[in-house]
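One structure is given here, and the rest of the page talks about it.
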Amino acid sequence: MKLPENSLFAILLRARWWVSVLVALGAFAGVRFFLSVGYAVFAALPFIVIAVVALSKQHRVPSGARLDAAIDALRAMTWEEFARALEQGYRRQGYSVKRVEGAADFELEKAGRLLLVAAKRWKASSTGVEPLKELVAAGEAREAVACEYVLAGEMTQNALGFAKKLKISWVRGADMVKLVRG
């Protein structure tokens with residue numbers, strides 16, 4: 001079950017782990033003001049669980065200098081090495097992976113749903129709209145339910161707007177490192 005994007009728990013899962021700890025302390029203090037310690041602990045418990053989940057997620061994902069070093073290591077890979085690492089990453093997520101030619105590099109299938117992934121230009125420092133248009137055209141031709149673009153660099157503002165408008169997801173930064181390295 002997926003949480004609504006703007007629910008309190010979803011927001012706390014995206015925030016730093018200590019934010020959930022602060023909310024837990026606030027809930028504990030607020031409830032404790034009116035009720036016994038047992039009820040206060042019970043009220044704070046969901047936020048403590050979220051803090052633990054957020055901490056475990058954040059601990060596995062590199063940040064700062066570690067993230068820069070990990071991205072540099074990915075950029076040093078050949079296309080073949082990077083493609084194999086991506087295939088393994090998507091397989092760990094439960095997809096069946098098939099390499100394809102053209103605007104998309106991979107065809108992913110899970111539960112009868114087809115997803116196209118373009119990753120060949122992952123080393124580019126900046127990505128514009130054109131490769132995204134090509135990916136969308138390939139997705140329409142193959143009747144894919146979604147398209148995903150993998151990149152180590154940045155997207156131009158036009159490309160970001162285009163991707164958001166057509167609901168193209170992208171994998172970059174820490175998400176890319178996590179996908180490739182598991």
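So you can find residues: chains in the structure tokens are A, B, ... in the order shown, residues in each start at 1, and ligands are numbered from 1 in order.
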Which residues in stretch 26-111 of chain A does DSSP call strand (DSSP E)? List them as a list in words.
Ser96, Val97, Lys98, Arg99, Phe106, Glu107, Leu108, Glu109 and Lys110 of chain A
Residues within 6 Å of A:Leu86, please, as a list in words. Count only C-alpha atoms; anything in the same chain fewer than 3 positions from it doesn't count.
Ala83, Gly89 and Val180 of chain A
Output all heavy atoms for every residue in the selection just made, as a compact mmCIF listing (two decimals), in the first residue's frame.
# COMPACT_ATOMS: atom_id res chain seq x y z
N ALA A 83 25.41 -0.67 -17.70
CA ALA A 83 24.18 -1.34 -18.13
C ALA A 83 23.96 -2.62 -17.33
O ALA A 83 22.83 -2.90 -16.90
CB ALA A 83 24.24 -1.63 -19.63
N GLY A 89 20.19 -4.03 -10.74
CA GLY A 89 19.40 -3.19 -9.83
C GLY A 89 17.92 -3.31 -10.08
O GLY A 89 17.12 -3.45 -9.14
N VAL A 180 22.01 1.15 -8.60
CA VAL A 180 23.12 0.44 -9.21
C VAL A 180 23.90 -0.40 -8.19
O VAL A 180 24.29 -1.52 -8.48
CB VAL A 180 24.07 1.42 -9.93
CG1 VAL A 180 25.33 0.75 -10.40
CG2 VAL A 180 23.33 2.06 -11.12
Those in stretch 10-136 of chain A with helix (DSSP H, G or I) from DSSP, as a ChimeraX atom specification:
/A:10-14,17-34,37-60,64-75,79-92,130-136
What are the closest atom pairs, with distances in Å to one decimal, for all residues of stretch 40-142 of chain A lying within 6 Å of stretch 151-155 of chain A? Consider only C-alpha atoms, order rows by chain and residue number, and present the result as a Markdown table.
| residue | atom | partner | partner_atom | distance |
| --- | --- | --- | --- | --- |
| A:Trp122 | CA | A:Leu151 | CA | 4.0 |
| A:Lys123 | CA | A:Ala152 | CA | 5.7 |
| A:Ala124 | CA | A:Gly153 | CA | 5.9 |
| A:Ser125 | CA | A:Gly153 | CA | 4.3 |
| A:Ser126 | CA | A:Glu154 | CA | 4.8 |
| A:Thr127 | CA | A:Met155 | CA | 4.7 |
The selected residues should be written to file as a PDB file, in the first residue's frame (atoms: N, CA, C and O atoms).
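Output file out_3.pdb follows:
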ATOM      1  N   TRP A 122      23.803   8.634 -19.522  1.00  0.00           N
ATOM      2  CA  TRP A 122      23.888   8.894 -18.090  1.00  0.00           C
ATOM      3  C   TRP A 122      25.070   9.766 -17.713  1.00  0.00           C
ATOM      4  O   TRP A 122      25.037  10.457 -16.719  1.00  0.00           O
ATOM      5  N   LYS A 123      26.131   9.780 -18.512  1.00  0.00           N
ATOM      6  CA  LYS A 123      27.322  10.562 -18.178  1.00  0.00           C
ATOM      7  C   LYS A 123      27.188  12.044 -18.520  1.00  0.00           C
ATOM      8  O   LYS A 123      27.991  12.845 -18.060  1.00  0.00           O
ATOM      9  N   ALA A 124      26.208  12.408 -19.319  1.00  0.00           N
ATOM     10  CA  ALA A 124      26.064  13.802 -19.762  1.00  0.00           C
ATOM     11  C   ALA A 124      25.898  14.729 -18.562  1.00  0.00           C
ATOM     12  O   ALA A 124      25.197  14.410 -17.609  1.00  0.00           O
ATOM     13  N   SER A 125      26.558  15.881 -18.628  1.00  0.00           N
ATOM     14  CA  SER A 125      26.453  16.817 -17.510  1.00  0.00           C
ATOM     15  C   SER A 125      25.104  17.523 -17.501  1.00  0.00           C
ATOM     16  O   SER A 125      24.624  17.951 -16.460  1.00  0.00           O
ATOM     17  N   SER A 126      24.470  17.635 -18.687  1.00  0.00           N
ATOM     18  CA  SER A 126      23.166  18.285 -18.774  1.00  0.00           C
ATOM     19  C   SER A 126      22.319  17.571 -19.818  1.00  0.00           C
ATOM     20  O   SER A 126      22.803  17.210 -20.885  1.00  0.00           O
ATOM     21  N   THR A 127      21.058  17.370 -19.501  1.00  0.00           N
ATOM     22  CA  THR A 127      20.129  16.700 -20.414  1.00  0.00           C
ATOM     23  C   THR A 127      19.028  17.671 -20.797  1.00  0.00           C
ATOM     24  O   THR A 127      18.415  18.293 -19.932  1.00  0.00           O
TER      25      THR A 127
END
Extract, using only C-alpha atoms, all DNA, RNA and protein residues at most 12 Å from stretch 65-71 of chain A, discarding same-chain residues fewer than 3 positions from it, and format them as JSON, numbers by chain.
{"A": [59, 60, 61, 62, 74, 75, 76, 77, 82, 122, 123, 125, 151, 152, 153, 172, 173, 174, 175, 176, 177, 178, 179, 180, 181]}
Using only C-alpha atoms, determine which residues lie at most 12 Å from A:Phe42, disregarding the query and same-chain residues fewer than 4 positions distant; provide the list as a compact mmCIF listing (two decimals) with N, CA, C and O atoms, in the first residue's frame.
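part24.txt written:
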# COMPACT_ATOMS: atom_id res chain seq x y z
N ALA A 24 7.84 12.98 17.64
CA ALA A 24 7.53 11.99 18.68
C ALA A 24 7.63 12.63 20.07
O ALA A 24 6.76 12.41 20.93
N LEU A 25 8.68 13.41 20.28
CA LEU A 25 8.81 14.09 21.58
C LEU A 25 7.67 15.07 21.82
O LEU A 25 7.15 15.18 22.93
N ALA A 27 4.62 14.86 20.50
CA ALA A 27 3.41 14.07 20.75
C ALA A 27 3.42 13.53 22.18
O ALA A 27 2.40 13.57 22.87
N PHE A 28 4.58 13.05 22.62
CA PHE A 28 4.70 12.53 23.98
C PHE A 28 4.38 13.63 25.00
O PHE A 28 3.58 13.42 25.92
N ALA A 29 5.00 14.81 24.82
CA ALA A 29 4.80 15.91 25.78
C ALA A 29 3.34 16.38 25.77
O ALA A 29 2.76 16.63 26.83
N VAL A 31 0.56 14.72 24.88
CA VAL A 31 -0.35 13.74 25.47
C VAL A 31 -0.08 13.59 26.96
O VAL A 31 -1.01 13.46 27.77
N ARG A 32 1.17 13.65 27.35
CA ARG A 32 1.55 13.50 28.76
C ARG A 32 0.97 14.62 29.61
O ARG A 32 0.68 14.44 30.79
N LEU A 35 -2.65 13.07 29.92
CA LEU A 35 -2.86 11.67 30.26
C LEU A 35 -1.60 11.06 30.87
O LEU A 35 -0.57 11.71 30.99
N SER A 36 -1.68 9.77 31.18
CA SER A 36 -0.55 9.09 31.82
C SER A 36 0.57 8.80 30.82
O SER A 36 0.40 8.92 29.60
N VAL A 37 1.72 8.35 31.35
CA VAL A 37 2.90 8.06 30.54
C VAL A 37 2.62 6.98 29.50
O VAL A 37 3.08 7.07 28.36
N GLY A 38 1.85 5.97 29.85
CA GLY A 38 1.54 4.89 28.92
C GLY A 38 0.87 5.40 27.66
O GLY A 38 1.22 4.98 26.54
N PRO A 46 4.25 5.63 16.85
CA PRO A 46 4.31 5.64 15.38
C PRO A 46 5.42 6.53 14.83
O PRO A 46 6.06 6.21 13.84
N PHE A 47 5.66 7.64 15.49
CA PHE A 47 6.69 8.57 15.02
C PHE A 47 8.10 8.02 15.28
O PHE A 47 9.02 8.27 14.51
N ILE A 48 8.24 7.26 16.34
CA ILE A 48 9.52 6.61 16.62
C ILE A 48 9.79 5.54 15.57
O ILE A 48 10.92 5.42 15.06
N VAL A 49 8.77 4.79 15.21
CA VAL A 49 8.92 3.77 14.16
C VAL A 49 9.31 4.44 12.84
O VAL A 49 10.21 3.97 12.14
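The two atoms in question, atom CA of A:Ala144 and atom CA of A:Arg113, are spaced 7.3 Å apart.
With distances restricted to only C-alpha atoms, A:Lys120 is the closest residue to A:Glu81 from A:Tyr39, A:Ser56, A:Ile168, A:Lys120.
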